[in-house]
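For reference, query34.cif is printed below; it contains mmCIF, C-alpha atoms.
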```cif
data_model
#
loop_
_atom_site.label_atom_id
_atom_site.label_comp_id
_atom_site.auth_asym_id
_atom_site.auth_seq_id
_atom_site.Cartn_x
_atom_site.Cartn_y
_atom_site.Cartn_z
CA MET A 1 48.68 6.07 -12.59
CA LYS A 2 50.83 4.95 -9.67
CA ILE A 3 49.49 4.10 -6.21
CA GLU A 4 51.82 4.37 -3.23
CA LEU A 5 51.60 1.45 -0.79
CA GLU A 6 52.83 1.96 2.76
CA GLY A 7 53.20 -0.32 5.76
CA VAL A 8 52.62 -3.49 3.74
CA GLU A 9 53.54 -6.80 5.36
CA TYR A 10 51.86 -10.18 5.78
CA TYR A 11 48.12 -9.53 6.36
CA ARG A 12 48.69 -5.84 7.12
CA GLY A 13 47.71 -3.94 3.98
CA LEU A 14 47.57 -7.01 1.75
CA GLY A 15 43.76 -7.13 1.78
CA ASP A 16 43.79 -3.68 0.20
CA ILE A 17 46.22 -4.89 -2.46
CA ALA A 18 43.95 -7.84 -3.31
CA MET A 19 41.05 -5.41 -3.59
CA LEU A 20 42.98 -2.86 -5.64
CA ALA A 21 44.00 -5.66 -8.01
CA TRP A 22 40.40 -5.66 -9.33
CA LEU A 23 40.81 -2.00 -10.22
CA ALA A 24 44.28 -2.52 -11.67
CA GLU A 25 43.08 -5.42 -13.83
CA GLY A 26 40.24 -3.31 -15.20
CA SER A 27 42.65 -0.45 -15.95
CA LYS A 28 44.84 -2.59 -18.23
CA ALA A 29 42.50 -2.06 -21.15
CA GLY A 30 42.54 1.73 -20.70
CA PRO A 31 45.01 4.53 -21.45
CA ASP A 32 46.35 4.82 -17.87
CA PRO A 33 47.05 1.38 -16.35
CA ILE A 34 47.60 1.35 -12.60
CA THR A 35 51.02 0.51 -11.17
CA PHE A 36 52.20 0.32 -7.57
CA HIS A 37 55.17 1.50 -5.56
CA ARG A 38 56.61 0.40 -2.22
CA THR A 39 55.62 -3.10 -1.30
CA ASN A 40 57.76 -5.84 0.20
CA ASN A 41 55.47 -8.67 -0.84
CA LEU A 42 56.39 -9.23 -4.46
CA ASP A 43 54.96 -12.78 -4.35
CA LEU A 44 51.46 -11.34 -4.02
CA MET A 45 52.09 -8.71 -6.69
CA HIS A 46 53.27 -11.37 -9.14
CA LEU A 47 50.41 -13.70 -8.23
CA LEU A 48 47.86 -11.01 -9.10
CA GLY A 49 49.72 -9.73 -12.16
CA LEU A 50 50.33 -6.27 -10.65
CA SER A 51 52.99 -3.93 -12.02
CA VAL A 52 55.51 -2.61 -9.49
CA ASP A 53 57.49 0.56 -10.20
CA SER A 54 60.70 0.85 -8.19
CA GLU A 55 60.83 4.64 -8.60
CA PRO A 56 59.45 6.66 -5.66
CA GLY A 57 56.20 8.55 -5.90
CA GLY A 58 52.54 7.86 -6.35
CA ILE A 59 49.12 8.58 -4.90
CA VAL A 60 48.63 7.72 -1.22
CA LEU A 61 45.14 6.42 -0.40
CA ASP A 62 45.08 7.25 3.33
CA GLU A 63 42.60 10.12 2.87
CA VAL A 64 40.05 8.06 0.98
CA PHE A 65 39.54 5.73 3.94
CA LYS A 66 38.73 8.74 6.16
CA VAL A 67 36.06 9.78 3.67
CA GLU A 68 34.66 6.24 3.57
CA VAL A 69 34.35 6.02 7.35
CA ALA A 70 32.89 9.52 7.64
CA ASP A 71 30.23 8.45 5.15
CA GLY A 72 29.37 5.40 7.23
CA CYS A 73 30.84 2.94 4.70
CA ARG A 74 27.49 3.02 2.90
CA ARG A 75 28.97 2.16 -0.49
CA PRO A 76 31.59 -0.30 -1.79
CA ARG A 77 35.10 0.71 -0.78
CA LEU A 78 36.30 0.66 -4.39
CA ASP A 79 33.66 3.27 -5.27
CA TYR A 80 35.27 5.69 -2.82
CA ILE A 81 38.71 4.86 -4.21
CA ARG A 82 37.64 5.45 -7.81
CA GLU A 83 36.11 8.81 -6.87
CA PHE A 84 39.29 9.77 -5.00
CA LEU A 85 41.44 8.85 -8.02
CA GLY A 86 39.01 10.49 -10.44
CA VAL A 87 38.65 7.41 -12.64
CA GLN A 88 35.78 5.34 -13.99
CA THR A 89 37.90 2.24 -14.42
CA PRO A 90 35.77 -0.92 -14.50
CA LEU A 91 36.48 -3.73 -12.08
CA ALA A 92 37.77 -7.08 -13.34
CA ARG A 93 38.86 -10.23 -11.54
CA PRO A 94 42.67 -10.50 -11.65
CA LYS A 95 44.19 -13.43 -13.49
CA LEU A 96 46.23 -15.66 -11.20
CA HIS A 97 49.85 -16.41 -12.09
CA LEU A 98 50.63 -19.72 -10.39
CA SER A 99 53.67 -21.90 -11.02
CA ALA A 100 53.34 -25.58 -11.93
CA GLU A 101 55.22 -26.40 -8.73
CA ASP A 102 52.69 -24.57 -6.53
CA GLU A 103 49.78 -26.15 -8.41
CA GLU A 104 51.27 -29.62 -7.90
CA TRP A 105 51.84 -28.95 -4.19
CA ALA A 106 48.24 -27.79 -3.76
CA ALA A 107 46.81 -30.78 -5.63
CA ARG A 108 48.85 -33.18 -3.50
CA THR A 109 47.99 -31.41 -0.24
CA ALA A 110 44.28 -31.18 -1.02
CA GLY A 111 44.27 -34.88 -1.90
CA GLU A 112 45.86 -35.76 1.42
CA LEU A 113 43.42 -33.63 3.39
CA GLY A 114 40.27 -34.99 1.71
CA SER A 115 36.99 -33.39 0.71
CA PRO A 116 34.94 -31.36 1.06
CA LEU A 117 37.88 -29.19 2.09
CA VAL A 118 37.31 -26.11 4.26
CA LEU A 119 40.22 -23.76 4.95
CA LEU A 120 40.16 -21.73 8.18
CA PHE A 121 42.20 -18.53 8.58
CA PRO A 122 41.90 -17.47 12.24
CA GLN A 123 44.40 -14.61 12.34
CA ALA A 124 43.99 -10.89 11.72
CA VAL A 125 46.29 -7.93 12.24
CA TRP A 126 43.65 -5.92 14.09
CA ARG A 127 42.40 -7.60 17.27
CA PRO A 128 38.86 -6.08 17.04
CA ARG A 129 38.41 -7.91 13.72
CA GLU A 130 39.51 -11.30 15.04
CA TRP A 131 36.85 -13.89 15.87
CA PRO A 132 37.79 -15.40 19.28
CA ALA A 133 40.50 -18.05 19.16
CA ASN A 134 38.49 -20.58 21.18
CA TYR A 135 35.62 -20.19 18.70
CA TRP A 136 37.97 -21.06 15.82
CA VAL A 137 39.22 -24.17 17.63
CA ASP A 138 35.66 -25.23 18.41
CA LEU A 139 34.57 -24.69 14.80
CA ALA A 140 37.49 -26.76 13.48
CA TRP A 141 36.55 -29.75 15.64
CA LYS A 142 32.84 -29.42 14.93
CA LEU A 143 33.59 -29.49 11.20
CA LYS A 144 35.78 -32.57 11.58
CA HIS A 145 33.02 -34.35 13.53
CA ALA A 146 30.61 -33.42 10.74
CA GLY A 147 32.84 -35.26 8.24
CA VAL A 148 34.40 -32.15 6.71
CA ALA A 149 38.11 -32.04 5.88
CA VAL A 150 39.43 -28.95 7.64
CA GLN A 151 42.79 -27.19 7.53
CA VAL A 152 43.81 -24.27 9.75
CA LEU A 153 46.37 -21.98 8.10
CA MET A 154 48.43 -19.47 10.09
CA GLN A 155 51.02 -16.84 9.37
CA PRO A 156 52.93 -16.67 11.65
CA ASN A 157 52.74 -19.72 13.89
CA ASP A 158 50.33 -19.35 16.82
CA PRO A 159 50.14 -22.02 19.58
CA ARG A 160 46.50 -21.11 20.26
CA PHE A 161 45.52 -23.07 17.17
CA HIS A 162 47.67 -26.17 17.69
CA ASN A 163 44.76 -27.99 19.31
CA THR A 164 42.92 -28.33 16.00
CA PRO A 165 42.55 -31.39 13.73
CA THR A 166 45.25 -30.22 11.32
CA TYR A 167 47.16 -26.96 10.90
CA ARG A 168 50.13 -25.44 9.13
CA TRP A 169 51.90 -22.09 9.15
CA GLY A 170 54.28 -20.11 7.00
CA THR A 171 52.79 -21.28 3.70
CA PRO A 172 53.80 -18.91 0.87
CA ILE A 173 50.93 -16.83 -0.53
CA PRO A 174 51.03 -18.43 -4.03
CA ARG A 175 50.62 -21.88 -2.48
CA ILE A 176 47.76 -20.63 -0.32
CA ALA A 177 46.03 -19.33 -3.45
CA ALA A 178 46.60 -22.64 -5.25
CA LEU A 179 45.14 -24.54 -2.28
CA MET A 180 42.17 -22.18 -2.16
CA LYS A 181 41.36 -23.12 -5.74
CA ARG A 182 40.84 -26.70 -4.57
CA ALA A 183 38.81 -25.87 -1.45
CA ALA A 184 35.04 -26.07 -1.18
CA LEU A 185 34.98 -23.07 1.18
CA VAL A 186 37.24 -20.58 2.96
CA VAL A 187 36.35 -19.05 6.34
CA GLY A 188 38.22 -16.02 7.63
CA ASN A 189 38.04 -12.73 9.49
CA ASP A 190 37.74 -9.40 7.74
CA SER A 191 41.39 -9.77 6.75
CA PHE A 192 43.67 -10.56 3.84
CA PRO A 193 42.87 -14.27 3.44
CA ALA A 194 39.16 -13.56 2.85
CA HIS A 195 40.09 -10.92 0.27
CA LEU A 196 42.47 -13.34 -1.45
CA ALA A 197 39.90 -16.14 -1.46
CA GLY A 198 37.29 -13.86 -2.99
CA THR A 199 39.79 -12.86 -5.66
CA VAL A 200 40.71 -16.49 -6.35
CA GLY A 201 36.98 -17.19 -6.77
CA VAL A 202 36.37 -19.77 -4.04
CA PRO A 203 33.18 -19.49 -1.92
CA THR A 204 34.18 -17.55 1.18
CA LEU A 205 32.59 -16.76 4.53
CA ALA A 206 33.91 -13.58 6.17
CA LEU A 207 33.12 -13.19 9.87
CA MET A 208 32.33 -9.55 10.55
CA GLY A 209 32.07 -7.45 13.70
CA PRO A 210 33.21 -3.83 13.57
CA THR A 211 33.31 -3.64 9.77
CA THR A 212 30.61 -3.90 7.13
CA ALA A 213 30.06 -5.99 4.01
CA SER A 214 30.88 -2.97 1.82
CA VAL A 215 34.58 -3.88 1.94
CA PHE A 216 33.80 -7.09 0.00
CA ALA A 217 31.20 -5.63 -2.36
CA HIS A 218 33.50 -6.01 -5.37
CA THR A 219 33.66 -9.81 -5.17
CA PRO A 220 30.55 -11.99 -5.49
CA ASP A 221 32.21 -15.02 -3.89
CA VAL A 222 32.41 -13.56 -0.36
CA GLU A 223 29.44 -13.82 1.98
CA CYS A 224 29.68 -11.77 5.16
CA LEU A 225 28.30 -13.22 8.39
CA ALA A 226 27.71 -11.09 11.48
CA SER A 227 25.77 -11.33 14.72
CA THR A 228 22.46 -9.53 15.03
CA GLY A 229 22.82 -9.39 18.80
CA LEU A 230 24.15 -5.83 19.07
CA ASP A 231 23.15 -2.60 17.36
CA CYS A 232 26.78 -1.49 17.20
CA THR A 233 27.70 -4.21 14.67
CA GLY A 234 29.39 -2.51 11.73
CA CYS A 235 30.48 0.56 13.72
CA HIS A 236 33.72 0.72 11.71
CA PHE A 237 35.56 1.98 14.80
CA ARG A 238 33.25 4.95 15.31
CA ALA A 239 31.12 5.58 18.41
CA PRO A 240 30.07 3.55 20.37
CA PHE A 241 33.52 1.96 19.75
CA ARG A 242 35.41 2.37 23.03
CA ALA A 243 38.58 1.28 24.83
CA ALA A 244 37.28 -2.23 25.58
CA CYS A 245 36.63 -2.83 21.88
CA ASP A 246 40.37 -2.58 21.20
CA GLN A 247 40.75 -5.91 23.01
CA GLY A 248 37.99 -7.70 21.10
CA CYS A 249 34.67 -7.04 19.39
CA MET A 250 31.60 -7.68 21.56
CA SER A 251 29.58 -8.37 18.41
CA LEU A 252 32.03 -11.05 17.24
CA TYR A 253 31.75 -12.65 20.69
CA ARG A 254 28.03 -13.05 19.97
CA LEU A 255 28.64 -14.82 16.66
CA PHE A 256 28.89 -18.33 18.09
CA PRO A 257 30.64 -21.38 16.58
CA ASP A 258 27.30 -23.15 16.08
CA ASP A 259 26.04 -20.15 14.06
CA VAL A 260 29.06 -20.35 11.76
CA LEU A 261 28.91 -24.15 11.60
CA ARG A 262 25.29 -24.06 10.41
CA ARG A 263 26.15 -21.56 7.68
CA VAL A 264 29.23 -23.50 6.57
CA LEU A 265 27.28 -26.76 6.30
CA MET A 266 24.49 -25.00 4.42
CA LYS A 267 27.01 -23.68 1.92
CA LEU A 268 28.47 -27.17 1.60
CA GLY A 269 24.98 -28.56 0.98
CA GLN A 270 24.95 -30.51 4.24
CA ARG A 271 22.89 -30.42 7.40
CA SER A 272 24.26 -29.89 10.86
CA SER A 273 23.71 -32.76 13.25
#
```

Just give me the structure of the file as structure tokens.
Amino acid sequence: MKIELEGVEYYRGLGDIAMLAWLAEGSKAGPDPITFHRTNNLDLMHLLGLSVDSEPGGIVLDEVFKVEVADGCRRPRLDYIREFLGVQTPLARPKLHLSAEDEEWAARTAGELGSPLVLLFPQAVWRPREWPANYWVDLAWKLKHAGVAVQVLMQPNDPRFHNTPTYRWGTPIPRIAALMKRAALVVGNDSFPAHLAGTVGVPTLALMGPTTASVFAHTPDVECLASTGLDCTGCHFRAPFRAACDQGCMSLYRLFPDDVLRRVLMKLGQRSS
């Protein structure tokens, strides 16, 4: 079975690939293993051991997401996808294919940064899913003051996050995965890095506003954190989503840095000061 991937670039669409990798891995033991067509991020495909077919054709998954949203995202996203494809394929964590060079780089970098190491991924393709930039900067400094080694990772470069204890951009995906393996925790938006971290198997905190935890239901390593301050949390872009929400999620604004800091330190086994 071949799945057609469209519009795939860094962050955009890659979270879905990381999620579909669980289905593809489970299909390898069956009679109809899943392959993919049309992606320009072969590094990620190789990392997750996914087969890429250069010939055109395949099943487009656009319709399944409409069904998921119409149903209120009540069930795991991969359940809707399996029903759409008409398969009962079990889910399995993909095996990572990392080079010795990337592993050595990650070991050296993690050693230089210190421990416990927390990786922050502040960017997202969709603005309504992005926790406010000033909150990310505040969280980074609060973690540093709490004695936590913190690294902000960006792709592409973004000056908003230069005023943080330490940051880097443009790191290839395989190296990010190798560094994740050595982290105590990853914090991200509902975006590709959180999906990758959950697939790698590192404890992950996903900051949620318009979307629900069902998108991460396939991976036990991702905990979703959202504000309880608004009833519209988890609207998944349905009413009362409105024009203002396109510029930022009001629910994410109510998930404050101190809320996230407390949860991060709890997961690290520490206490906030």

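With all atoms listed in the file as the basis for measurement, A:Gly170 is the residue among A:Pro90, A:Gly170, A:Glu83, A:Leu98 that approaches A:Asp158 most closely.
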
Problem - Near-A:Val260 list (9 Å; all atoms listed in the file; drop same-chain fewer than 2 positions) as a PyMOL selection string - result: chain A and resi 139+205+207+225+255-258+262-265

Expansion of the PyMOL selection byres ((chain A and resi 171) around 10) into residues, as an mmCIF file with C-alpha atoms, keeping the file's coordinate frame:
```
data_model
loop_
_atom_site.group_PDB
_atom_site.id
_atom_site.type_symbol
_atom_site.label_atom_id
_atom_site.label_comp_id
_atom_site.auth_asym_id
_atom_site.auth_seq_id
_atom_site.Cartn_x
_atom_site.Cartn_y
_atom_site.Cartn_z
ATOM 1 C CA LEU A 153 46.370 -21.980 8.100
ATOM 2 C CA MET A 154 48.430 -19.470 10.090
ATOM 3 C CA GLN A 155 51.020 -16.840 9.370
ATOM 4 C CA PRO A 156 52.930 -16.670 11.650
ATOM 5 C CA ARG A 168 50.130 -25.440 9.130
ATOM 6 C CA TRP A 169 51.900 -22.090 9.150
ATOM 7 C CA GLY A 170 54.280 -20.110 7.000
ATOM 8 C CA PRO A 172 53.800 -18.910 0.870
ATOM 9 C CA ILE A 173 50.930 -16.830 -0.530
ATOM 10 C CA PRO A 174 51.030 -18.430 -4.030
ATOM 11 C CA ARG A 175 50.620 -21.880 -2.480
ATOM 12 C CA ILE A 176 47.760 -20.630 -0.320
#
```

Problem - Residues in the PyMOL selection byres ((chain A and resi 116) around 8), expressed as a list of chain:residue names - result: A:Gly114, A:Ser115, A:Leu117, A:Val118, A:Val148, A:Ala149, A:Ala183, A:Ala184, A:Leu268

Practice task
Rank nothing, just name the residue among A:Arg77, A:His145, A:Gly269, A:Ser54 nearest to A:Leu42, using only C-alpha atoms.
Solution key: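 Once distances to A:Leu42 are computed over only C-alpha atoms, the minimum belongs to A:Ser54.
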
Quick one: everything within 9 Å of A:Ile59, counting all atoms listed in the file, minus sequence neighbours fewer than 2 positions away in the same chain. Send it as a compact mmCIF listing (two decimals) with C-alpha atoms, keeping the file's coordinate frame.
```txt
# COMPACT_ATOMS: atom_id res chain seq x y z
CA MET A 1 48.68 6.07 -12.59
CA LYS A 2 50.83 4.95 -9.67
CA ILE A 3 49.49 4.10 -6.21
CA GLU A 4 51.82 4.37 -3.23
CA LEU A 5 51.60 1.45 -0.79
CA GLY A 57 56.20 8.55 -5.90
CA LEU A 61 45.14 6.42 -0.40
CA LEU A 85 41.44 8.85 -8.02
```
